[in-house]
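Visitor: Input file: query01.cif. Contents: mmCIF, C-alpha atoms.
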```cif
data_target
#
loop_
_atom_site.label_atom_id
_atom_site.label_comp_id
_atom_site.auth_asym_id
_atom_site.auth_seq_id
_atom_site.Cartn_x
_atom_site.Cartn_y
_atom_site.Cartn_z
CA MET A 1 15.14 -0.03 -4.79
CA ALA A 2 16.57 3.45 -5.25
CA TYR A 3 14.23 6.28 -4.26
CA GLY A 4 14.36 9.94 -5.19
CA ILE A 5 15.11 12.69 -2.67
CA ARG A 6 11.52 13.98 -2.77
CA THR A 7 10.13 10.53 -2.00
CA LEU A 8 12.57 10.03 0.87
CA GLU A 9 11.68 13.44 2.32
CA LYS A 10 7.96 12.64 2.19
CA ALA A 11 8.58 9.34 3.98
CA ARG A 12 10.70 11.07 6.64
CA ALA A 13 7.92 13.61 7.22
CA ILE A 14 5.36 10.82 7.66
CA LEU A 15 7.58 9.00 10.15
CA GLU A 16 8.22 12.21 12.09
CA GLN A 17 4.50 12.94 12.18
CA ARG A 18 3.80 9.44 13.50
CA ARG A 19 6.49 9.75 16.14
CA ASN A 20 5.33 13.17 17.32
CA ALA A 21 1.71 12.04 17.47
CA ALA A 22 2.67 8.96 19.52
CA GLU A 23 4.75 11.02 21.97
CA GLN A 24 2.01 13.63 22.37
CA LEU A 25 -0.57 10.93 23.05
CA ALA A 26 1.76 9.31 25.61
CA SER A 27 2.20 12.68 27.37
CA ALA A 28 -1.56 13.23 27.47
CA ARG A 29 -2.10 9.74 28.87
CA HIS A 30 0.58 10.33 31.51
CA ARG A 31 -1.11 13.52 32.69
CA GLU A 32 -4.42 11.65 32.83
CA VAL A 33 -2.95 8.84 34.90
CA ILE A 34 -1.11 11.11 37.36
CA LYS A 35 -4.23 13.20 37.86
CA LYS A 36 -6.25 10.13 38.73
CA CYS A 37 -3.53 8.39 40.76
CA PRO A 38 -0.71 10.70 42.00
CA GLU A 39 0.93 7.74 43.74
CA ILE A 40 2.07 6.47 40.33
CA GLY A 41 4.14 9.63 39.97
CA VAL A 42 5.88 8.83 43.27
CA VAL A 43 6.68 5.30 42.08
CA GLU A 44 8.05 6.64 38.80
CA ASN A 45 10.38 8.93 40.75
CA GLU A 46 11.60 5.91 42.72
CA ILE A 47 12.34 4.09 39.45
CA ALA A 48 14.18 7.10 38.05
CA SER A 49 16.27 7.60 41.21
CA ALA A 50 17.25 3.91 41.20
CA GLY A 51 18.73 4.41 37.77
CA LEU A 52 20.75 7.39 38.95
CA ASP A 53 21.97 5.48 42.00
CA ILE A 54 23.85 3.07 39.72
CA ILE A 55 26.45 5.84 39.32
CA LYS A 56 27.34 5.37 42.98
CA SER A 57 28.59 1.87 42.19
CA LEU A 58 31.43 3.31 40.11
CA GLY A 59 33.54 3.98 43.24
CA MET A 60 33.04 0.52 44.73
CA ASN A 61 35.05 -2.62 44.27
CA SER A 62 33.56 -5.24 41.94
CA GLU A 63 31.96 -7.37 44.66
CA GLN A 64 30.37 -4.39 46.41
CA ALA A 65 29.20 -2.97 43.07
CA LYS A 66 27.54 -6.26 42.10
CA LYS A 67 25.66 -6.51 45.40
CA TYR A 68 24.59 -2.87 45.16
CA ILE A 69 23.38 -3.20 41.55
CA ASP A 70 21.50 -6.43 42.40
CA LEU A 71 19.76 -4.58 45.24
CA LEU A 72 18.81 -1.71 42.94
CA ALA A 73 17.51 -4.20 40.36
CA GLN A 74 15.29 -5.83 42.99
CA LYS A 75 13.96 -2.44 44.06
CA ASN A 76 13.32 -1.53 40.43
CA ILE A 77 11.36 -4.74 39.79
CA ALA A 78 9.30 -4.11 42.94
CA SER A 79 8.57 -0.54 41.81
CA GLN A 80 7.59 -1.71 38.31
CA GLU A 81 5.24 -4.29 39.79
CA LYS A 82 3.74 -1.67 42.11
CA LYS A 83 3.23 0.68 39.17
CA ALA A 84 1.51 -2.06 37.13
CA ALA A 85 -0.75 -2.88 40.10
CA LEU A 86 -1.71 0.79 40.55
CA LEU A 87 -2.52 1.12 36.86
CA LYS A 88 -4.77 -1.94 37.02
CA GLU A 89 -6.48 -0.73 40.21
CA ASN A 90 -7.31 2.55 38.51
CA GLY A 91 -8.71 0.95 35.36
CA PHE A 92 -5.72 1.32 33.02
CA GLU A 93 -4.08 -1.34 30.86
CA LYS A 94 -0.55 -2.26 31.95
CA ASP A 95 0.96 -0.77 28.76
CA TYR A 96 -1.18 2.39 28.86
CA LEU A 97 1.81 4.63 29.62
CA GLU A 98 4.03 3.17 26.87
CA ILE A 99 4.51 5.37 23.81
CA PRO A 100 2.03 3.98 21.21
CA PHE A 101 4.37 3.91 18.22
CA THR A 102 2.85 2.78 14.92
CA CYS A 103 5.84 0.46 14.47
CA LYS A 104 7.05 -1.12 17.70
CA LYS A 105 10.14 -2.51 16.00
CA CYS A 106 11.79 0.79 15.00
CA GLU A 107 9.69 3.08 17.25
CA ASP A 108 8.77 5.14 14.16
CA THR A 109 12.36 6.11 13.42
CA GLY A 110 12.26 4.21 10.12
CA PHE A 111 15.48 2.31 10.85
CA TYR A 112 16.08 -1.06 12.47
CA GLU A 113 19.48 -2.69 12.95
CA GLY A 114 21.10 -0.08 10.70
CA LYS A 115 18.75 -0.62 7.77
CA PHE A 116 15.41 0.72 6.53
CA CYS A 117 12.69 -0.79 8.70
CA SER A 118 9.94 -2.70 6.90
CA CYS A 119 7.50 0.08 7.87
CA HIS A 120 9.77 2.65 6.20
CA LEU A 121 9.93 0.57 3.01
CA LYS A 122 6.15 0.22 3.05
CA ILE A 123 5.75 4.01 3.27
CA LEU A 124 8.21 4.56 0.41
CA GLU A 125 6.38 1.99 -1.69
CA GLN A 126 3.01 3.59 -0.95
CA ILE A 127 4.26 7.09 -1.81
CA THR A 128 5.64 5.85 -5.12
CA SER A 129 2.40 3.97 -5.86
CA ASP A 130 0.36 7.09 -5.09
CA GLU A 131 2.57 9.18 -7.37
CA LEU A 132 2.11 6.74 -10.22
CA SER A 133 -1.65 6.61 -9.66
CA LYS A 134 -2.29 10.31 -8.98
CA SER A 135 -3.77 10.97 -12.44
CA SER A 136 -6.45 8.31 -11.95
CA ARG A 137 -9.96 8.86 -10.61
CA LEU A 138 -9.72 6.51 -7.64
CA ASN A 139 -11.97 8.66 -5.48
CA LEU A 140 -14.70 8.84 -8.14
CA SER A 141 -15.21 5.17 -8.95
CA SER A 142 -16.80 2.55 -6.73
CA PHE A 143 -19.18 -0.37 -7.09
CA ASP A 144 -21.94 1.76 -5.58
CA THR A 145 -21.66 4.34 -8.38
CA PHE A 146 -21.75 1.77 -11.18
CA SER A 147 -25.18 1.63 -12.81
CA LEU A 148 -26.49 -1.11 -15.09
CA ASP A 149 -29.31 1.18 -16.27
CA TYR A 150 -27.15 2.52 -19.12
CA TYR A 151 -27.04 -0.94 -20.72
CA THR A 152 -30.36 -0.70 -22.56
CA ASP A 153 -30.27 -4.01 -24.43
CA PRO A 154 -31.71 -6.66 -22.02
CA GLU A 155 -29.26 -9.37 -23.08
CA GLU A 156 -26.24 -7.05 -22.79
CA ARG A 157 -27.47 -5.80 -19.43
CA GLU A 158 -27.58 -9.35 -18.06
CA LEU A 159 -24.11 -10.06 -19.41
CA MET A 160 -22.82 -6.90 -17.76
CA ARG A 161 -24.60 -7.83 -14.53
CA ASP A 162 -22.48 -11.01 -14.53
CA VAL A 163 -19.34 -8.93 -15.18
CA PHE A 164 -20.26 -6.57 -12.35
CA GLU A 165 -20.89 -9.42 -9.88
CA PHE A 166 -17.66 -11.11 -10.89
CA CYS A 167 -15.66 -7.91 -10.29
CA LYS A 168 -17.35 -7.33 -6.96
CA ASP A 169 -16.59 -10.89 -5.80
CA TYR A 170 -13.01 -10.51 -7.06
CA ALA A 171 -12.59 -7.34 -5.00
CA ASP A 172 -14.18 -8.92 -1.90
CA ASP A 173 -11.83 -11.90 -2.09
CA PHE A 174 -8.78 -10.03 -3.36
CA SER A 175 -5.35 -11.17 -2.23
CA THR A 176 -1.88 -11.23 -3.70
CA GLU A 177 -2.77 -14.70 -5.01
CA SER A 178 -5.77 -13.52 -7.04
CA ASP A 179 -5.97 -14.14 -10.79
CA SER A 180 -4.77 -11.63 -13.35
CA LEU A 181 -7.60 -10.20 -15.47
CA TYR A 182 -7.85 -8.91 -19.02
CA PHE A 183 -10.79 -6.50 -19.50
CA HIS A 184 -11.67 -5.78 -23.12
CA GLY A 185 -14.51 -4.21 -25.05
CA GLY A 186 -15.45 -0.98 -26.81
CA VAL A 187 -14.88 2.54 -25.54
CA GLY A 188 -16.93 3.73 -22.55
CA LEU A 189 -18.30 0.37 -21.37
CA GLY A 190 -17.16 0.57 -17.74
CA LYS A 191 -13.75 -1.13 -17.87
CA THR A 192 -12.00 1.77 -16.16
CA HIS A 193 -14.81 2.24 -13.63
CA LEU A 194 -14.81 -1.37 -12.46
CA SER A 195 -11.03 -1.68 -12.40
CA LEU A 196 -10.88 1.46 -10.22
CA ALA A 197 -13.62 0.05 -7.99
CA ILE A 198 -11.50 -3.08 -7.48
CA ALA A 199 -8.49 -0.84 -6.76
CA ASN A 200 -10.43 1.05 -4.09
CA GLU A 201 -11.44 -2.15 -2.30
CA ALA A 202 -7.88 -3.49 -2.42
CA ILE A 203 -6.53 -0.23 -0.96
CA LYS A 204 -9.09 -0.42 1.88
CA LYS A 205 -7.65 -3.83 2.74
CA GLY A 206 -4.17 -2.35 2.99
CA TYR A 207 -2.77 -3.55 -0.32
CA THR A 208 -0.52 -1.31 -2.42
CA VAL A 209 -2.09 -0.53 -5.79
CA VAL A 210 -0.69 1.19 -8.87
CA TYR A 211 -3.21 2.38 -11.43
CA ASN A 212 -2.36 4.30 -14.60
CA SER A 213 -2.60 4.17 -18.36
CA ALA A 214 -0.11 2.12 -20.34
CA GLN A 215 1.04 5.28 -22.08
CA ASN A 216 1.80 7.16 -18.84
CA LEU A 217 3.60 4.24 -17.23
CA LEU A 218 5.71 3.53 -20.30
CA SER A 219 6.59 7.21 -20.73
CA LYS A 220 7.79 7.34 -17.11
CA ILE A 221 9.90 4.20 -17.51
CA GLU A 222 11.40 5.60 -20.71
CA ARG A 223 12.25 8.98 -19.11
CA GLU A 224 14.01 7.24 -16.22
CA LYS A 225 15.85 4.87 -18.55
CA PHE A 226 17.27 7.67 -20.66
CA GLY A 227 17.99 10.12 -17.82
CA ARG A 228 15.14 12.56 -18.44
CA SER A 229 13.61 12.19 -14.97
CA ASN A 230 14.50 13.28 -11.42
CA GLU A 231 13.83 9.75 -10.19
CA PRO A 232 16.63 7.14 -10.21
CA GLU A 233 16.67 4.72 -13.14
CA GLY A 234 14.38 1.75 -12.57
CA THR A 235 12.22 3.21 -9.80
CA THR A 236 8.96 3.01 -11.76
CA GLU A 237 9.67 -0.40 -13.19
CA GLU A 238 10.56 -1.80 -9.78
CA ILE A 239 7.41 -0.47 -8.13
CA LEU A 240 5.38 -2.01 -10.96
CA PHE A 241 7.08 -5.31 -10.16
CA ASP A 242 6.58 -4.98 -6.40
CA CYS A 243 3.09 -3.51 -5.83
CA ASP A 244 0.36 -5.89 -4.67
CA LEU A 245 -2.00 -5.01 -7.53
CA LEU A 246 -1.07 -3.36 -10.83
CA ILE A 247 -3.81 -1.99 -13.09
CA ILE A 248 -2.77 -1.01 -16.61
CA ASP A 249 -5.45 0.98 -18.41
CA ASP A 250 -5.84 1.41 -22.18
CA LEU A 251 -3.24 -1.09 -23.35
CA GLY A 252 -2.93 -0.71 -27.10
CA VAL A 253 -3.40 3.06 -27.20
CA GLU A 254 0.28 3.75 -26.44
CA PHE A 255 2.76 4.53 -29.22
CA SER A 256 4.33 1.17 -29.92
CA THR A 257 8.11 0.83 -30.23
CA SER A 258 10.56 -1.98 -29.56
CA PHE A 259 11.31 -0.28 -26.22
CA THR A 260 7.66 -0.06 -25.09
CA VAL A 261 6.89 -3.64 -26.15
CA THR A 262 9.92 -4.91 -24.22
CA ALA A 263 8.99 -2.80 -21.19
CA ILE A 264 5.40 -4.12 -21.19
CA TYR A 265 6.62 -7.68 -21.53
CA ASN A 266 9.10 -7.27 -18.66
CA VAL A 267 6.40 -5.96 -16.33
CA ILE A 268 3.80 -8.58 -17.27
CA ASN A 269 6.25 -11.48 -17.28
CA THR A 270 7.93 -10.52 -14.00
CA ARG A 271 4.62 -10.22 -12.17
CA LEU A 272 3.39 -13.54 -13.56
CA CYS A 273 6.62 -15.25 -12.51
CA GLU A 274 6.20 -13.84 -8.99
CA GLY A 275 2.51 -14.78 -8.86
CA LYS A 276 1.30 -11.18 -8.46
CA PRO A 277 -2.08 -10.14 -9.90
CA THR A 278 -2.40 -7.58 -12.69
CA ILE A 279 -5.52 -6.15 -14.33
CA ILE A 280 -5.21 -4.93 -17.91
CA SER A 281 -7.98 -3.07 -19.70
CA SER A 282 -7.98 -2.55 -23.45
CA ASN A 283 -10.22 -1.85 -26.41
CA LEU A 284 -8.50 -4.79 -28.15
CA ASP A 285 -9.69 -8.36 -27.89
CA PHE A 286 -7.27 -11.29 -27.86
CA ASN A 287 -7.17 -11.55 -31.66
CA GLU A 288 -6.33 -7.84 -32.00
CA ILE A 289 -3.71 -8.07 -29.24
CA GLU A 290 -2.09 -10.94 -31.13
CA LYS A 291 -1.86 -8.82 -34.29
CA ARG A 292 -0.41 -5.76 -32.50
CA TYR A 293 2.24 -7.30 -30.22
CA GLU A 294 4.94 -9.91 -30.58
CA GLN A 295 4.32 -13.57 -29.79
CA ARG A 296 6.07 -13.74 -26.42
CA LEU A 297 3.90 -10.90 -25.01
CA THR A 298 0.57 -12.08 -26.40
CA SER A 299 1.16 -15.66 -25.28
CA ARG A 300 1.75 -14.49 -21.69
CA ILE A 301 -1.51 -12.50 -21.65
CA MET A 302 -3.64 -15.05 -23.51
CA GLY A 303 -2.24 -18.00 -21.59
CA SER A 304 -2.27 -16.58 -18.06
CA TYR A 305 -4.98 -13.89 -17.79
CA ARG A 306 -8.67 -14.45 -17.26
CA GLU A 307 -10.59 -12.80 -20.10
CA ILE A 308 -13.50 -10.53 -19.14
CA GLU A 309 -15.47 -9.10 -22.05
CA PHE A 310 -17.54 -5.90 -21.69
CA TYR A 311 -20.71 -5.37 -23.72
CA GLY A 312 -23.00 -2.51 -24.74
CA GLU A 313 -22.78 0.98 -26.23
CA ASP A 314 -20.62 3.92 -25.15
CA ILE A 315 -21.89 4.85 -21.66
CA ARG A 316 -19.81 8.00 -21.46
CA GLN A 317 -21.56 9.31 -24.55
CA LYS A 318 -24.97 8.46 -23.10
CA LYS A 319 -24.11 10.31 -19.87
CA ALA A 320 -22.93 13.33 -21.87
CA GLU A 321 -26.27 13.44 -23.74
CA GLU A 322 -28.34 13.47 -20.53
#
```
In structure tokens, write the structure found in this file.

Guide:
Amino acid sequence: MAYGIRTLEKARAILEQRRNAAEQLASARHREVIKKCPEIGVVENEIASAGLDIIKSLGMNSEQAKKYIDLLAQKNIASQEKKAALLKENGFEKDYLEIPFTCKKCEDTGFYEGKFCSCHLKILEQITSDELSKSSRLNLSSFDTFSLDYYTDPEERELMRDVFEFCKDYADDFSTESDSLYFHGGVGLGKTHLSLAIANEAIKKGYTVVYNSAQNLLSKIEREKFGRSNEPEGTTEEILFDCDLLIIDDLGVEFSTSFTVTAIYNVINTRLCEGKPTIISSNLDFNEIEKRYEQRLTSRIMGSYREIEFYGEDIRQKKAEE
């Protein structure tokens, strides 16, 4: 995937911050260890001097050099073992003095074997996901803040209790193999709230989540496609393909064109083919979706998504009247 300069700079800053934090922690640990056991400092000096002594072998013939280097290697192993023993005797783990990099593979440089390390790619993906989701209210919606008290009709309240419990169980068990869901119902019935609550739980588990309205996502794809964006063409579409959970809000509200319908189909179809879960919320039920969109799109949603219907009266309006 191609990433914009701003995204790459943010990722580089995160990696640098990780690396600096790891090195500072290692320095603090080293001071702690030497203060408690100065003898470890002496052993470290022995190890360092053994490395420098290898230079002496440069003036020797090959046989002498080999014997000398073998001797230094033996001394080095003995010093390393002595250091490990001293650490253990003083209550430290054997790797306590190693730099605690977040990624052991690339040591927080972001590159491994000449390519982007997997940790670097994960950071880039998360930054892009956060950018796409920044207009959502992720921090305001959780299962704890969802109240069934606003559903005044007893039958509707019980139906919504089932919806709430289903969403909570879905979030608890969420994985990249979870079902795709289609939330539908009238305006202000909690579709956005519960989809955001699921998103929050997935993020806590370390999954990458993209949440935004259909209109915003399609506008971004269109701007990239026709060169009206600073991001490289295809960045948004690719992150929508790749993220662990995609949540598309308000499908059906967007201005419908042949381009937007094709873009929606590509995203939905690609994720289904790759077995990745998507949650779509809409004010349109399956019959209305079928009337609005072409057959190939509606058949993918109706045939592959689990339908979750929301009941009741506009909660947002009730809250506004309080």

Visitor: The residues within 12 Å of (-30.2, -1.8, -18.2), using only C-alpha atoms and the coordinates of the file, should be reported as an NGL selection string; which are they?

Guide: :A and (146-161 or 311-313 or 315)

Visitor: Compile the contact shell of A:Asn216 as a PyMOL selection string: residues with an atom at most 9 Å away, counting all atoms listed in the file, same-chain residues fewer than 4 positions apart removed.

Guide: chain A and resi 132+212+220-221+254

Visitor: On this structure, which residues satisfy the PyMOL selection byres ((chain A and resi 95) around 12), written as a list in words?

Guide: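 Applying the expression gives Ala26, Arg29, His30, Gln80, Lys83, Ala84, Ala85, Leu87, Lys88, Gly91, Phe92, Glu93, Lys94, Tyr96, Leu97, Glu98, Ile99 and Pro100 of chain A.
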
Visitor: Report the residues retrieved by the PyMOL selection byres ((chain A and resi 46) around 12) from the displayed file, expressed as a list in words.

Guide: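 With the PyMOL selection byres ((chain A and resi 46) around 12) on this model, the match is Glu39, Ile40, Gly41, Val42, Val43, Glu44, Asn45, Ile47, Ala48, Ser49, Ala50, Gly51, Leu52, Asp53, Leu72, Ala73, Lys75, Asn76, Ile77, Ala78, Ser79, Gln80, Lys82 and Lys83 of chain A.
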
Visitor: What separation in Å, quoted to one decimal, exists between atom CA of A:Thr208 and atom CA of A:Glu125?

Guide: 7.7 Å

Visitor: What is the distance between atom CA of A:Ala171 and atom CA of A:Leu217, in Å to one decimal?

Guide: 23.4 Å

Visitor: Can you give me, as a ChimeraX atom specification, the residues this file yields under the PyMOL selection byres ((chain A and resi 123) around 12)?

Guide: /A:3,7-15,18,103,108,110,116-122,124-130,206-208

Visitor: Quick one: distance from atom CA of A:Val253 to atom CA of A:Gln215 in Å, one decimal?

Guide: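 Taking atom CA of A:Val253 as the start and atom CA of A:Gln215 as the end point, the length is 7.1 Å.
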
Visitor: Looking at only C-alpha atoms, which of A:Ile308, A:Leu25, A:Ile264, A:Ile203 is the one that sits closest to A:Ser282?

Guide: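 Of all the options, A:Ile308 lies closest to A:Ser282.
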
Visitor: From (-20.4, -5.2, -5.8), in the file's coordinates, out to 9 Å: which residues are reached, counting only C-alpha atoms? Answer as a list in words.

Guide: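 So the residues meeting the distance criterion are Ser142, Phe143, Asp144, Phe146, Phe164, Glu165, Phe166, Cys167, Lys168, Asp169, Ala171, Asp172 and Ala197 of chain A.
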
Visitor: Excluding same-chain residues fewer than 3 positions from A:Arg300, what lies within 10 Å of it counting all atoms listed in the file, as a PyMOL selection string?

Guide: chain A and resi 265+268-269+272+295-297+303-305

Visitor: So which residues touch A:Ser141 within 12 Å, counting only C-alpha atoms, skipping near sequence neighbours fewer than 5 positions away, as a count of residues only?

Guide: 15

Visitor: Give me the residues within 12 Å of A:Thr257 as a ChimeraX atom specification, counting all atoms listed in the file and dropping any in the same chain fewer than 3 places off.

Guide: /A:215,218-219,222,252,254,260-264,292-294

Visitor: Okay, now the selection with C-alpha atoms, as a PDB file, keeping the file's coordinate frame?

Guide:
```pdb
ATOM      1  CA  GLN A 215       1.040   5.280 -22.080  1.00  0.00           C
ATOM      2  CA  LEU A 218       5.710   3.530 -20.300  1.00  0.00           C
ATOM      3  CA  SER A 219       6.590   7.210 -20.730  1.00  0.00           C
ATOM      4  CA  GLU A 222      11.400   5.600 -20.710  1.00  0.00           C
ATOM      5  CA  GLY A 252      -2.930  -0.710 -27.100  1.00  0.00           C
ATOM      6  CA  GLU A 254       0.280   3.750 -26.440  1.00  0.00           C
ATOM      7  CA  THR A 260       7.660  -0.060 -25.090  1.00  0.00           C
ATOM      8  CA  VAL A 261       6.890  -3.640 -26.150  1.00  0.00           C
ATOM      9  CA  THR A 262       9.920  -4.910 -24.220  1.00  0.00           C
ATOM     10  CA  ALA A 263       8.990  -2.800 -21.190  1.00  0.00           C
ATOM     11  CA  ILE A 264       5.400  -4.120 -21.190  1.00  0.00           C
ATOM     12  CA  ARG A 292      -0.410  -5.760 -32.500  1.00  0.00           C
ATOM     13  CA  TYR A 293       2.240  -7.300 -30.220  1.00  0.00           C
ATOM     14  CA  GLU A 294       4.940  -9.910 -30.580  1.00  0.00           C
TER      15      GLU A 294
END
```
